[in-house]
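**Student:** Take a look at run_6.pdb, PDB, C-alpha atoms:
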ATOM      1  CA  MET M   1     107.178  92.692 124.492  1.00  0.00           C
ATOM      2  CA  THR M   2     107.614  90.310 121.572  1.00  0.00           C
ATOM      3  CA  THR M   3     105.443  87.204 121.496  1.00  0.00           C
ATOM      4  CA  PRO M   4     107.526  84.001 121.304  1.00  0.00           C
ATOM      5  CA  ASP M   5     106.001  82.723 118.045  1.00  0.00           C
ATOM      6  CA  PHE M   6     106.135  86.045 116.160  1.00  0.00           C
ATOM      7  CA  ARG M   7     107.635  85.590 112.676  1.00  0.00           C
ATOM      8  CA  PRO M   8     107.446  88.720 110.497  1.00  0.00           C
ATOM      9  CA  THR M   9     106.336  88.160 106.926  1.00  0.00           C
ATOM     10  CA  HIS M  10     106.234  91.820 105.841  1.00  0.00           C
ATOM     11  CA  VAL M  11     107.337  95.301 106.839  1.00  0.00           C
ATOM     12  CA  VAL M  12     105.426  98.576 106.670  1.00  0.00           C
ATOM     13  CA  PRO M  13     106.448 100.952 103.799  1.00  0.00           C
ATOM     14  CA  LYS M  14     108.907 103.753 104.545  1.00  0.00           C
ATOM     15  CA  ASP M  15     106.097 106.341 104.793  1.00  0.00           C
ATOM     16  CA  GLY M  16     104.113 104.334 107.368  1.00  0.00           C
ATOM     17  CA  LEU M  17     100.676 102.872 106.830  1.00  0.00           C
ATOM     18  CA  PRO M  18      97.120 103.689 107.983  1.00  0.00           C
ATOM     19  CA  ALA M  19      95.422 100.948 109.983  1.00  0.00           C
ATOM     20  CA  TRP M  20      91.800 100.091 110.734  1.00  0.00           C
ATOM     21  CA  GLU M  21      90.071  98.152 113.521  1.00  0.00           C
ATOM     22  CA  THR M  22      88.084  96.175 110.953  1.00  0.00           C
ATOM     23  CA  PRO M  23      88.165  95.968 107.126  1.00  0.00           C
ATOM     24  CA  ASP M  24      86.110  99.173 106.961  1.00  0.00           C
ATOM     25  CA  PRO M  25      87.607 102.594 105.972  1.00  0.00           C
ATOM     26  CA  SER M  26      85.258 104.342 108.432  1.00  0.00           C
ATOM     27  CA  ARG M  27      86.935 102.737 111.449  1.00  0.00           C
ATOM     28  CA  PRO M  28      90.563 103.952 111.541  1.00  0.00           C
ATOM     29  CA  THR M  29      92.948 103.151 114.372  1.00  0.00           C
ATOM     30  CA  VAL M  30      96.551 104.027 115.255  1.00  0.00           C
ATOM     31  CA  PRO M  31      98.723 104.216 112.088  1.00  0.00           C
ATOM     32  CA  LEU M  32     101.724 101.910 111.780  1.00  0.00           C
ATOM     33  CA  ASP M  33     105.287 103.203 111.965  1.00  0.00           C
ATOM     34  CA  ALA M  34     107.585 103.054 108.946  1.00  0.00           C
ATOM     35  CA  LEU M  35     109.437  99.757 108.400  1.00  0.00           C
ATOM     36  CA  LEU M  36     107.616  98.093 111.300  1.00  0.00           C
ATOM     37  CA  PRO M  37     107.882  94.273 111.043  1.00  0.00           C
ATOM     38  CA  VAL M  38     104.446  92.624 110.910  1.00  0.00           C
ATOM     39  CA  GLN M  39     102.995  89.202 110.314  1.00  0.00           C
ATOM     40  CA  LEU M  40     100.268  88.930 107.674  1.00  0.00           C
ATOM     41  CA  VAL M  41      97.752  86.400 109.008  1.00  0.00           C
ATOM     42  CA  ASP M  42      94.597  86.949 106.942  1.00  0.00           C
ATOM     43  CA  ARG M  43      93.333  88.520 103.711  1.00  0.00           C
ATOM     44  CA  PHE M  44      89.949  89.892 102.680  1.00  0.00           C
ATOM     45  CA  GLY M  45      90.061  91.363  99.181  1.00  0.00           C
ATOM     46  CA  ASP M  46      92.702  94.124  99.245  1.00  0.00           C
ATOM     47  CA  TRP M  47      92.600  94.137 103.042  1.00  0.00           C
ATOM     48  CA  GLY M  48      95.197  92.322 105.094  1.00  0.00           C
ATOM     49  CA  ARG M  49      95.063  91.582 108.805  1.00  0.00           C
ATOM     50  CA  ILE M  50      98.458  91.962 110.429  1.00  0.00           C
ATOM     51  CA  VAL M  51      99.815  91.113 113.852  1.00  0.00           C
ATOM     52  CA  CYS M  52     102.648  93.097 115.421  1.00  0.00           C
ATOM     53  CA  ALA M  53     105.427  91.721 117.608  1.00  0.00           C
ATOM     54  CA  ASN M  54     103.506  92.686 120.779  1.00  0.00           C
ATOM     55  CA  GLY M  55     100.399  90.799 119.626  1.00  0.00           C
ATOM     56  CA  TRP M  56      98.429  93.891 118.565  1.00  0.00           C
ATOM     57  CA  SER M  57      96.357  93.268 115.436  1.00  0.00           C
ATOM     58  CA  ALA M  58      94.860  95.586 112.817  1.00  0.00           C
ATOM     59  CA  TRP M  59      93.671  95.666 109.211  1.00  0.00           C
ATOM     60  CA  VAL M  60      95.707  97.456 106.535  1.00  0.00           C
ATOM     61  CA  ASP M  61      95.863  97.866 102.769  1.00  0.00           C
ATOM     62  CA  GLY M  62      97.579  94.564 102.040  1.00  0.00           C
ATOM     63  CA  ARG M  63      98.690  95.777  98.601  1.00  0.00           C
ATOM     64  CA  LEU M  64     101.205  98.130 100.195  1.00  0.00           C
ATOM     65  CA  LEU M  65     102.958  95.740 102.569  1.00  0.00           C
ATOM     66  CA  ILE M  66     106.549  94.909 101.645  1.00  0.00           C
ATOM     67  CA  ALA M  67     107.330  91.202 101.784  1.00  0.00           C
ATOM     68  CA  VAL M  68     110.250  90.090 103.916  1.00  0.00           C
ATOM     69  CA  PRO M  69     112.715  87.984 101.902  1.00  0.00           C
ATOM     70  CA  GLN M  70     112.393  84.307 102.689  1.00  0.00           C
ATOM     71  CA  ALA M  71     115.186  81.820 103.221  1.00  0.00           C
ATOM     72  CA  PRO M  72     117.193  81.170 100.036  1.00  0.00           C
ATOM     73  CA  PRO M  73     116.149  78.125  97.970  1.00  0.00           C
ATOM     74  CA  ALA M  74     118.056  74.897  98.218  1.00  0.00           C
ATOM     75  CA  ALA M  75     121.008  74.637  95.876  1.00  0.00           C
ATOM     76  CA  SER M  76     119.202  71.973  93.845  1.00  0.00           C
ATOM     77  CA  SER M  77     116.156  74.190  93.275  1.00  0.00           C
ATOM     78  CA  PRO M  78     115.861  76.144  90.005  1.00  0.00           C
ATOM     79  CA  LEU M  79     116.464  79.885  90.171  1.00  0.00           C
ATOM     80  CA  THR M  80     113.287  81.969  90.164  1.00  0.00           C
ATOM     81  CA  ARG M  81     112.590  85.668  89.665  1.00  0.00           C
ATOM     82  CA  THR M  82     110.352  87.495  92.114  1.00  0.00           C
ATOM     83  CA  ALA M  83     107.625  89.673  90.594  1.00  0.00           C
ATOM     84  CA  ASP M  84     108.742  89.080  87.016  1.00  0.00           C
ATOM     85  CA  PRO M  85     107.760  92.208  85.019  1.00  0.00           C
ATOM     86  CA  ARG M  86     107.358  90.414  81.693  1.00  0.00           C
ATOM     87  CA  PRO M  87     103.763  89.125  82.101  1.00  0.00           C
ATOM     88  CA  LEU M  88     102.492  92.615  82.973  1.00  0.00           C
ATOM     89  CA  LEU M  89     104.527  94.152  80.141  1.00  0.00           C
ATOM     90  CA  ALA M  90     102.940  91.666  77.737  1.00  0.00           C
ATOM     91  CA  ARG M  91      99.419  92.579  78.913  1.00  0.00           C
ATOM     92  CA  VAL M  92     100.146  96.295  78.535  1.00  0.00           C
ATOM     93  CA  GLU M  93     101.582  95.730  75.057  1.00  0.00           C
ATOM     94  CA  GLU M  94      98.517  93.712  74.037  1.00  0.00           C
ATOM     95  CA  ALA M  95      96.136  96.407  75.308  1.00  0.00           C
ATOM     96  CA  LEU M  96      98.070  99.174  73.534  1.00  0.00           C
ATOM     97  CA  THR M  97      98.163  97.202  70.265  1.00  0.00           C
ATOM     98  CA  SER M  98      94.409  96.644  70.462  1.00  0.00           C
ATOM     99  CA  TYR M  99      93.768 100.341  71.141  1.00  0.00           C
ATOM    100  CA  ARG M 100      96.031 101.386  68.241  1.00  0.00           C
ATOM    101  CA  SER M 101      94.178  99.006  65.904  1.00  0.00           C
ATOM    102  CA  ALA M 102      90.855 100.522  66.959  1.00  0.00           C
ATOM    103  CA  THR M 103      92.100 104.091  66.412  1.00  0.00           C
ATOM    104  CA  GLU M 104      93.375 103.215  62.939  1.00  0.00           C
ATOM    105  CA  GLU M 105      89.987 101.770  62.012  1.00  0.00           C
ATOM    106  CA  LEU M 106      88.287 104.858  63.462  1.00  0.00           C
ATOM    107  CA  ALA M 107      90.548 107.164  61.427  1.00  0.00           C
ATOM    108  CA  ALA M 108      89.915 105.121  58.276  1.00  0.00           C
ATOM    109  CA  GLY M 109      86.161 105.374  58.751  1.00  0.00           C
ATOM    110  CA  ARG M 110      85.651 101.655  59.388  1.00  0.00           C
ATOM    111  CA  LEU M 111      84.440 102.377  62.941  1.00  0.00           C
ATOM    112  CA  ASP M 112      82.032 105.002  64.229  1.00  0.00           C
ATOM    113  CA  GLY M 113      82.317 106.610  67.660  1.00  0.00           C
ATOM    114  CA  GLU M 114      79.968 104.158  69.362  1.00  0.00           C
ATOM    115  CA  SER M 115      81.763 101.125  67.943  1.00  0.00           C
ATOM    116  CA  PHE M 116      85.087 102.625  68.982  1.00  0.00           C
ATOM    117  CA  ARG M 117      83.873 102.972  72.565  1.00  0.00           C
ATOM    118  CA  ASP M 118      82.623  99.368  72.519  1.00  0.00           C
ATOM    119  CA  ARG M 119      86.021  98.149  71.285  1.00  0.00           C
ATOM    120  CA  THR M 120      88.001 100.061  73.901  1.00  0.00           C
ATOM    121  CA  GLN M 121      85.634  99.833  76.870  1.00  0.00           C
ATOM    122  CA  GLY M 122      87.224  98.502  80.039  1.00  0.00           C
ATOM    123  CA  ARG M 123      90.829  98.818  78.876  1.00  0.00           C
ATOM    124  CA  ARG M 124      93.035 100.724  81.327  1.00  0.00           C
ATOM    125  CA  ILE M 125      96.755 101.065  80.732  1.00  0.00           C
ATOM    126  CA  GLY M 126      99.463 103.364  81.987  1.00  0.00           C
ATOM    127  CA  VAL M 127     103.181 103.433  81.180  1.00  0.00           C
ATOM    128  CA  VAL M 128     106.017 105.832  81.982  1.00  0.00           C
ATOM    129  CA  VAL M 129     109.574 105.036  80.880  1.00  0.00           C
ATOM    130  CA  ASP M 130     112.496 107.114  82.157  1.00  0.00           C
ATOM    131  CA  GLY M 131     115.767 105.473  81.216  1.00  0.00           C
ATOM    132  CA  GLU M 132     116.098 102.249  83.179  1.00  0.00           C
ATOM    133  CA  SER M 133     113.091 103.111  85.349  1.00  0.00           C
ATOM    134  CA  LEU M 134     109.595 102.028  84.376  1.00  0.00           C
ATOM    135  CA  TRP M 135     106.191 102.672  85.946  1.00  0.00           C
ATOM    136  CA  LEU M 136     103.286 100.426  84.894  1.00  0.00           C
ATOM    137  CA  TYR M 137      99.623 100.481  85.816  1.00  0.00           C
ATOM    138  CA  ASP M 138      98.438  97.056  86.964  1.00  0.00           C
ATOM    139  CA  GLY M 139      94.688  97.170  86.303  1.00  0.00           C
ATOM    140  CA  GLU M 140      94.074  93.731  87.802  1.00  0.00           C
ATOM    141  CA  HIS M 141      95.225  94.920  91.247  1.00  0.00           C
ATOM    142  CA  GLU M 142      94.440  98.645  90.741  1.00  0.00           C
ATOM    143  CA  ARG M 143      97.943  99.881  91.531  1.00  0.00           C
ATOM    144  CA  TRP M 144     101.014 101.430  89.965  1.00  0.00           C
ATOM    145  CA  VAL M 145     104.144  99.299  90.076  1.00  0.00           C
ATOM    146  CA  TYR M 146     107.775 100.305  89.657  1.00  0.00           C
ATOM    147  CA  CYS M 147     110.228  98.241  87.611  1.00  0.00           C
ATOM    148  CA  ASP M 148     114.011  98.508  87.606  1.00  0.00           C
ATOM    149  CA  GLY M 149     114.343  96.053  84.728  1.00  0.00           C
ATOM    150  CA  THR M 150     114.420  92.903  86.845  1.00  0.00           C
ATOM    151  CA  ARG M 151     111.467  92.977  89.252  1.00  0.00           C
ATOM    152  CA  LEU M 152     108.234  94.791  90.074  1.00  0.00           C
ATOM    153  CA  SER M 153     107.371  96.494  93.361  1.00  0.00           C
ATOM    154  CA  THR M 154     104.204  98.322  94.410  1.00  0.00           C
ATOM    155  CA  PHE M 155     104.576 102.075  93.916  1.00  0.00           C
ATOM    156  CA  ALA M 156     101.077 103.408  94.689  1.00  0.00           C
ATOM    157  CA  ALA M 157      97.611 101.902  95.083  1.00  0.00           C
ATOM    158  CA  GLU M 158      94.283 103.520  94.283  1.00  0.00           C
ATOM    159  CA  GLY M 159      91.797 104.501  96.961  1.00  0.00           C
ATOM    160  CA  ASP M 160      90.930 102.500 100.056  1.00  0.00           C
ATOM    161  CA  PRO M 161      91.424  98.731 100.065  1.00  0.00           C
ATOM    162  CA  ALA M 162      88.373  96.911  98.769  1.00  0.00           C
ATOM    163  CA  SER M 163      86.772  93.931 100.451  1.00  0.00           C
ATOM    164  CA  ALA M 164      86.273  90.626  98.693  1.00  0.00           C
ATOM    165  CA  THR M 165      82.779  90.767  97.192  1.00  0.00           C
ATOM    166  CA  PRO M 166      81.080  88.885  94.334  1.00  0.00           C
ATOM    167  CA  GLU M 167      81.039  92.125  92.321  1.00  0.00           C
ATOM    168  CA  ARG M 168      84.774  92.629  92.802  1.00  0.00           C
ATOM    169  CA  THR M 169      85.533  89.011  92.042  1.00  0.00           C
ATOM    170  CA  GLY M 170      83.616  89.402  88.783  1.00  0.00           C
ATOM    171  CA  GLU M 171      85.648  92.529  87.903  1.00  0.00           C
ATOM    172  CA  ALA M 172      82.699  94.814  87.216  1.00  0.00           C
ATOM    173  CA  PRO M 173      83.484  97.585  84.687  1.00  0.00           C
ATOM    174  CA  LYS M 174      84.687 100.920  86.034  1.00  0.00           C
ATOM    175  CA  ALA M 175      82.361 103.907  85.995  1.00  0.00           C
ATOM    176  CA  GLN M 176      82.390 105.762  82.696  1.00  0.00           C
ATOM    177  CA  GLY M 177      84.873 108.612  82.501  1.00  0.00           C
ATOM    178  CA  GLN M 178      86.928 107.391  85.465  1.00  0.00           C
ATOM    179  CA  THR M 179      90.619 108.220  85.130  1.00  0.00           C
ATOM    180  CA  ARG M 180      93.092 108.136  87.963  1.00  0.00           C
ATOM    181  CA  GLY M 181      96.801 108.770  88.356  1.00  0.00           C
ATOM    182  CA  VAL M 182      99.531 109.374  90.890  1.00  0.00           C
ATOM    183  CA  ARG M 183     102.555 111.624  91.058  1.00  0.00           C
ATOM    184  CA  GLU M 184     105.092 110.552  93.649  1.00  0.00           C
ATOM    185  CA  PRO M 185     108.879 110.128  93.782  1.00  0.00           C
ATOM    186  CA  ALA M 186     110.331 106.911  92.450  1.00  0.00           C
ATOM    187  CA  PRO M 187     112.133 104.541  94.824  1.00  0.00           C
ATOM    188  CA  ASP M 188     115.458 106.036  93.760  1.00  0.00           C
ATOM    189  CA  GLY M 189     114.270 109.576  94.581  1.00  0.00           C
ATOM    190  CA  ARG M 190     113.650 110.684  90.998  1.00  0.00           C
ATOM    191  CA  GLU M 191     110.250 111.891  89.882  1.00  0.00           C
ATOM    192  CA  PRO M 192     108.547 110.987  86.607  1.00  0.00           C
ATOM    193  CA  THR M 193     107.138 113.786  84.505  1.00  0.00           C
ATOM    194  CA  ARG M 194     103.652 112.391  85.039  1.00  0.00           C
ATOM    195  CA  LEU M 195     101.777 109.198  85.605  1.00  0.00           C
ATOM    196  CA  VAL M 196      98.540 108.893  83.648  1.00  0.00           C
ATOM    197  CA  THR M 197      96.099 106.018  83.495  1.00  0.00           C
ATOM    198  CA  TYR M 198      94.130 105.632  80.258  1.00  0.00           C
ATOM    199  CA  ASP M 199      90.504 104.628  80.579  1.00  0.00           C
ATOM    200  CA  GLY M 200      88.934 103.564  77.280  1.00  0.00           C
ATOM    201  CA  ASP M 201      85.543 104.957  78.334  1.00  0.00           C
ATOM    202  CA  ASP M 202      86.900 108.522  78.284  1.00  0.00           C
ATOM    203  CA  GLN M 203      86.982 108.709  74.471  1.00  0.00           C
ATOM    204  CA  GLY M 204      84.189 110.788  72.972  1.00  0.00           C
ATOM    205  CA  ASP M 205      82.556 110.453  69.575  1.00  0.00           C
ATOM    206  CA  ALA M 206      84.794 110.957  66.586  1.00  0.00           C
TER     207      ALA M 206
END
Would you give me this structure, written as structure tokens?

**Tutor:**
Amino acid sequence: MTTPDFRPTHVVPKDGLPAWETPDPSRPTVPLDALLPVQLVDRFGDWGRIVCANGWSAWVDGRLLIAVPQAPPAASSPLTRTADPRPLLARVEEALTSYRSATEELAAGRLDGESFRDRTQGRRIGVVVDGESLWLYDGEHERWVYCDGTRLSTFAAEGDPASATPERTGEAPKAQGQTRGVREPAPDGREPTRLVTYDGDDQGDA
């Protein structure tokens, strides 16, 4: 039975979604069905607390929920673009340019191995381009996003959702040698050759 004031804000991804009683990966509950409408009512780090139409509530990985389109803007409002890919593209380009500069200095002998690691530490980038399709690693939110040229959408997220903690808020550096990736079909059914995330800490001495 649907509660009278239920207004869905998101839907569950097409593959369904695990759910937890509390924002704790050790306490799973009944998983959510694919494309189930839900209302996001609270956030705690990557976690999101959702309410279903029947009033049942659970915690999920909020990064993977798909937002329900809102009412169109008034005619007098300026046009906006949802999830504009350009800011993330600019950050990836900046990180790649910085890494290339460091490798050139390393090759020219102006940097030693330790200095190279210091220059590249903490940088994590990942890019796959296949025609009009683009996969980017969003290090700020620890997820892969898919771009069709006009907008970004979450493609895959890393690990369990993380709670909001002072350490996470401060963006503590990743453990040395940590490299992650995913290999899943794109939204249009095609599959990239590979998805690889670069971690600057993986580079050894030159």

**Student:** Within 9 Å of M:Pro8, counting only C-alpha atoms, which residues qualify if same-chain residues fewer than 6 places away don't, as number ranges by chain?

**Tutor:** M: 37-40, 51-53, 68

**Student:** When you draw a straight line from atom CA of M:Tyr146 to atom CA of M:Lys14, how long is it in Å?

**Tutor:**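 Taking atom CA of M:Tyr146 as the start and atom CA of M:Lys14 as the end point, the length is 15.3 Å.
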
**Student:** Please enumerate the residues selected by the PyMOL selection byres ((chain M and resi 134) around 9) when evaluated against the supplied file, formatted as a PyMOL selection string.

**Tutor:** chain M and resi 127-133+135-136+145-149

**Student:** For atom CA of M:Pro23 and atom CA of M:Leu152, determine how far apart the two atoms are, in Å to one decimal place.

**Tutor:** 26.4 Å

**Student:** Choose the residue, out of M:His141, M:Asp42, M:Leu64, M:Trp59, that has the smallest atom-to-atom separation from M:Pro25; count only C-alpha atoms.

**Tutor:**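 The shortest atom-to-atom distance to M:Pro25 comes from M:Trp59.
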
**Student:** Give me the residues within 10 Å of stretch 91-96 of chain M as a ChimeraX atom specification, counting only C-alpha atoms and dropping any in the same chain fewer than 4 places off.

**Tutor:** /M:86-87,100-102,120,123-127,136-139
